[in-house]
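File shown: input_1.txt. Contents: compact mmCIF, C-alpha atoms.
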```
# COMPACT_ATOMS: atom_id res chain seq x y z
CA MET G 1 -37.32 13.68 34.91
CA SER G 2 -34.20 11.74 33.93
CA LEU G 3 -33.59 10.26 30.49
CA GLY G 4 -34.15 6.73 31.80
CA GLU G 5 -37.54 7.66 33.26
CA LYS G 6 -38.54 9.34 29.99
CA LEU G 7 -37.56 6.28 27.97
CA LYS G 8 -39.42 3.92 30.28
CA GLU G 9 -42.53 6.10 30.24
CA ALA G 10 -42.44 6.44 26.44
CA ARG G 11 -42.05 2.68 25.99
CA ALA G 12 -44.99 2.03 28.31
CA THR G 13 -47.11 4.60 26.45
CA HIS G 14 -46.43 2.86 23.13
CA LYS G 15 -46.87 -0.58 24.78
CA PHE G 16 -43.49 -1.80 23.52
CA THR G 17 -41.53 -4.53 25.25
CA GLN G 18 -37.85 -3.97 25.99
CA GLN G 19 -37.02 -6.70 23.48
CA ALA G 20 -39.00 -4.95 20.74
CA VAL G 21 -37.19 -1.67 21.39
CA ALA G 22 -33.86 -3.51 21.53
CA GLU G 23 -34.44 -4.95 18.07
CA GLN G 24 -35.26 -1.49 16.68
CA ALA G 25 -32.15 0.04 18.28
CA ASN G 26 -29.96 -2.95 17.34
CA VAL G 27 -28.87 -3.56 20.94
CA SER G 28 -29.58 -6.16 23.61
CA ARG G 29 -32.60 -6.14 25.91
CA GLN G 30 -30.20 -5.73 28.85
CA THR G 31 -28.90 -2.53 27.27
CA ILE G 32 -32.43 -1.10 27.07
CA SER G 33 -32.95 -1.99 30.73
CA SER G 34 -29.65 -0.32 31.63
CA TRP G 35 -30.70 2.87 29.82
CA GLU G 36 -34.09 2.96 31.54
CA THR G 37 -32.61 2.45 35.00
CA GLY G 38 -29.94 5.11 34.44
CA LYS G 39 -27.01 2.71 34.75
CA SER G 40 -25.74 3.75 31.32
CA TYR G 41 -26.59 6.11 28.48
CA PRO G 42 -27.30 5.52 24.79
CA ASP G 43 -24.94 6.99 22.21
CA LEU G 44 -26.09 9.70 19.81
CA ASP G 45 -27.15 7.27 17.07
CA SER G 46 -29.24 5.27 19.53
CA LEU G 47 -30.80 8.48 20.87
CA ILE G 48 -31.89 9.42 17.37
CA THR G 49 -33.39 5.95 16.87
CA LEU G 50 -35.31 6.18 20.16
CA SER G 51 -36.43 9.71 19.36
CA ASN G 52 -37.92 8.55 16.05
CA LEU G 53 -39.40 5.40 17.58
CA TYR G 54 -41.18 7.21 20.40
CA GLY G 55 -41.94 10.40 18.49
CA ILE G 56 -40.09 12.56 21.03
CA SER G 57 -37.64 15.28 20.03
CA LEU G 58 -34.00 14.97 21.06
CA ASP G 59 -34.27 18.26 22.93
CA VAL G 60 -37.03 16.85 25.14
CA LEU G 61 -35.11 13.63 25.79
CA ILE G 62 -31.85 15.37 26.71
CA LYS G 63 -33.31 18.31 28.65
CA GLY G 64 -32.96 18.01 32.41
CA ASP G 65 -30.44 15.18 32.45
CA ASP G 66 -27.00 16.63 33.25
CA GLY G 67 -25.46 13.16 33.35
CA LEU G 68 -26.41 12.56 29.73
CA ARG G 69 -25.00 15.91 28.66
CA ASP G 70 -21.69 15.09 30.35
CA TYR G 71 -21.71 11.69 28.67
CA LEU G 72 -22.26 13.21 25.23
CA ARG G 73 -19.38 15.64 25.81
CA LYS G 74 -16.90 12.80 26.44
CA PRO G 75 -16.07 12.22 22.75
CA GLU G 76 -15.15 15.90 22.45
CA ILE G 77 -12.79 15.58 25.41
CA LEU G 78 -11.25 12.39 24.01
CA GLN G 79 -10.76 14.08 20.64
CA LYS G 80 -8.75 16.84 22.29
CA LEU G 81 -6.70 14.48 24.48
CA ARG G 82 -5.81 11.95 21.77
CA PRO G 83 -3.12 14.07 20.00
CA ILE G 84 -1.45 14.80 23.35
CA HIS G 85 -1.51 11.12 24.26
CA GLN G 86 -0.01 10.07 20.94
CA ALA G 87 2.61 12.82 21.00
CA MET G 88 3.82 11.65 24.43
CA LEU G 89 4.41 8.17 23.04
CA VAL G 90 6.43 9.44 20.08
CA LEU G 91 8.30 11.81 22.40
CA ASN G 92 9.78 8.85 24.22
CA ALA G 93 11.37 7.67 20.99
CA LEU G 94 12.72 11.15 20.25
CA PHE G 95 14.25 11.28 23.74
CA LEU G 96 16.14 8.12 22.90
CA VAL G 97 17.46 9.50 19.62
CA ILE G 98 18.58 12.86 21.02
CA LEU G 99 20.14 11.53 24.19
CA THR G 100 21.81 8.58 22.47
CA PHE G 101 23.81 10.74 20.12
CA PHE G 102 24.21 13.96 22.12
CA LEU G 103 24.64 12.58 25.65
CA PRO G 104 26.49 9.28 25.17
CA SER G 105 28.09 9.40 28.64
CA ASP G 106 26.91 7.60 31.77
CA PRO G 107 25.14 10.73 33.15
CA GLY G 108 23.39 10.99 29.80
CA ILE G 109 22.02 7.47 30.21
CA TRP G 110 20.52 8.32 33.59
CA ILE G 111 18.99 11.51 32.19
CA LEU G 112 17.54 9.44 29.36
CA LEU G 113 16.03 6.96 31.76
CA ALA G 114 14.56 9.69 33.97
CA ALA G 115 13.00 11.46 30.99
CA VAL G 116 11.55 8.26 29.54
CA VAL G 117 10.17 7.07 32.90
CA ALA G 118 8.58 10.45 33.68
CA ASN G 119 6.99 10.67 30.24
CA THR G 120 5.80 7.04 30.42
CA ILE G 121 4.13 7.61 33.80
CA GLY G 122 2.31 10.64 32.42
CA TYR G 123 1.31 8.63 29.35
CA LEU G 124 -0.15 5.80 31.45
CA TYR G 125 -2.11 8.17 33.70
CA LEU G 126 -3.57 9.92 30.66
CA GLN G 127 -4.41 6.60 29.04
CA GLN G 128 -6.26 5.43 32.15
CA PHE G 129 -8.27 8.67 32.22
CA GLU G 130 -9.17 8.34 28.54
CA GLU G 131 -10.27 4.73 28.94
CA GLN G 132 -12.69 5.78 31.67
CA LEU G 133 -14.27 8.30 29.29
CA SER G 134 -14.37 6.08 26.22
CA PRO G 135 -17.48 3.96 25.50
CA LEU G 136 -15.29 1.50 23.61
CA PRO G 137 -13.92 -1.68 25.21
CA ARG G 138 -10.47 -1.21 26.70
CA TRP G 139 -8.74 -3.41 24.11
CA GLU G 140 -10.39 -1.61 21.19
CA TYR G 141 -9.64 1.88 22.49
CA ARG G 142 -5.99 1.06 23.23
CA TRP G 143 -5.48 -0.30 19.74
CA ARG G 144 -7.14 2.64 17.96
CA ASN G 145 -5.30 5.18 20.08
CA ALA G 146 -1.85 3.62 20.23
CA TRP G 147 -1.08 1.49 17.18
CA LEU G 148 0.13 4.31 14.90
CA PRO G 149 2.27 6.25 17.43
CA SER G 150 3.61 2.91 18.72
CA LEU G 151 4.59 1.90 15.21
CA ILE G 152 6.29 5.27 14.59
CA SER G 153 8.12 5.08 17.93
CA ASN G 154 9.29 1.54 17.27
CA LEU G 155 10.57 2.47 13.82
CA ILE G 156 12.47 5.46 15.26
CA VAL G 157 14.05 3.40 18.05
CA THR G 158 14.88 0.54 15.67
CA ALA G 159 16.53 2.95 13.21
CA THR G 160 18.49 4.48 16.09
CA LEU G 161 19.67 1.04 17.18
CA ILE G 162 20.80 0.23 13.65
CA ALA G 163 22.62 3.58 13.40
CA THR G 164 24.69 2.77 16.51
CA ARG G 165 26.58 0.21 14.45
CA TRP G 166 28.26 3.02 12.54
CA LEU G 167 28.32 5.69 15.27
CA THR G 168 30.25 5.65 18.52
CA VAL G 169 28.05 5.03 21.56
CA SER G 170 28.69 3.29 24.85
CA PRO G 171 27.92 -0.44 25.12
CA ASP G 172 25.39 0.30 27.87
CA THR G 173 23.50 2.69 25.60
CA SER G 174 23.47 0.19 22.76
CA GLN G 175 22.23 -2.54 25.08
CA LEU G 176 19.52 -0.26 26.47
CA LEU G 177 18.31 0.60 22.98
CA GLY G 178 18.20 -3.09 22.11
CA SER G 179 16.07 -3.84 25.15
CA LEU G 180 13.70 -0.94 24.50
CA THR G 181 13.33 -1.97 20.85
CA ALA G 182 12.36 -5.50 21.85
CA VAL G 183 9.89 -4.22 24.47
CA GLY G 184 8.36 -1.76 21.99
CA TRP G 185 7.65 -4.36 19.31
CA PHE G 186 6.40 -6.83 21.90
CA THR G 187 4.00 -4.20 23.28
CA LEU G 188 2.65 -3.41 19.81
CA ALA G 189 2.15 -7.11 19.11
CA SER G 190 0.38 -7.51 22.47
CA LEU G 191 -2.03 -4.68 21.60
CA TRP G 192 -2.88 -6.41 18.33
CA VAL G 193 -3.37 -9.83 19.95
CA ASP G 194 -5.51 -8.31 22.72
CA ARG G 195 -7.73 -6.67 20.08
CA VAL G 196 -8.08 -9.87 18.07
CA VAL G 197 -8.99 -11.88 21.18
CA GLY G 198 -11.47 -9.19 22.27
CA ARG G 199 -13.21 -9.20 18.90
CA LEU G 200 -13.39 -12.99 18.87
CA ARG G 201 -15.02 -12.97 22.30
CA VAL G 202 -17.57 -10.39 21.18
CA GLN G 203 -18.36 -12.48 18.10
CA GLU G 204 -18.72 -15.63 20.22
CA SER G 205 -21.06 -13.78 22.59
CA LYS G 206 -23.23 -12.58 19.68
CA THR G 207 -23.34 -16.09 18.20
CA ALA G 208 -24.34 -17.58 21.55
CA LYS G 209 -27.17 -15.03 21.95
CA GLN G 210 -28.46 -15.74 18.45
CA LYS G 211 -28.63 -19.46 19.23
CA GLN G 212 -30.77 -18.72 22.29
CA PHE G 213 -33.53 -17.13 20.17
```

Let me see the file written as structure tokens.
Amino acid sequence: MSLGEKLKEARATHKFTQQAVAEQANVSRQTISSWETGKSYPDLDSLITLSNLYGISLDVLIKGDDGLRDYLRKPEILQKLRPIHQAMLVLNALFLVILTFFLPSDPGIWILLAAVVANTIGYLYLQQFEEQLSPLPRWEYRWRNAWLPSLISNLIVTATLIATRWLTVSPDTSQLLGSLTAVGWFTLASLWVDRVVGRLRVQESKTAKQKQF
């Protein structure tokens, strides 16, 4: 028997409505329905709440549902991937520093671009994979995962750009660094704005639901 079937059966046994269970679990009625139909899974805190509410042990709830076990393992996978993801972002900035001062020739610029593009592609693929695993909204996960390494990268690239005023580099390299600096700070600002807008929408949705009851 799947988790959803167990939850539905337990609710029927206790003669609870989905709304009553939703209030106990601090979620929406639609979320309870989604759990019972197997469209989504509750997180660990919600599982504990349901276990206490229905008087069923966690072991009984989880047993026999491989999908739930995979779902509960996702945070462990994300925890292991996050340092790699963040390191790849900072690595781009280090590429710029090393190649700016040690390969200031035209071939060096092309090597720099190839390294940055390859690392960026890998970063984006990894980010997409992580977002599929994360239960958080896309805007929230991107901000939590990227704001610190983005800030560090931007500071490194900005410091490198400032240093080119006293060190000899080609005009093309200096112009490239200027463009990348502007793009980096714009990207960080976009992440912040996206998160603010996302939170405002969530708050508006909660307010609208409260007015309905």

With all atoms listed in the file as the basis for distance, which of G:Lys8, G:Asp194, G:Phe16, G:Asn52 is at the shortest distance from Trp35 in chain G?
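Looking at the shortest contact to Trp35 in chain G, the residue is G:Lys8.
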
What's around Arg195 in chain G at 7 Å? Count only C-alpha atoms, leave out sequence neighbours fewer than 6 positions away in its own chain, and write the answer as a ChimeraX atom specification.
/G:139-140,143

Output, as lines of an AutoDock Vina configuration file, the centre and edge lengths in Å (one decimal) of the axis-aligned box that contains all listed atoms of range 79-92 of chain G with 5 Å of margin on each side.
```
center_x = -0.5
center_y = 12.5
center_z = 22.2
size_x = 30.5
size_y = 18.7
size_z = 14.5
```

Take CA of Leu188 in chain G and CA of Asn154 in chain G and report the distance between them in Å, one decimal.
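Between CA of Leu188 in chain G and CA of Asn154 in chain G the gap is 8.7 Å.
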
Using only C-alpha atoms for the distances, tell me which of G:Arg201, G:Gly4, G:Tyr125, G:Asn145 is nearest to Gln79 in chain G.
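Closest to Gln79 in chain G, using only C-alpha atoms: G:Asn145.
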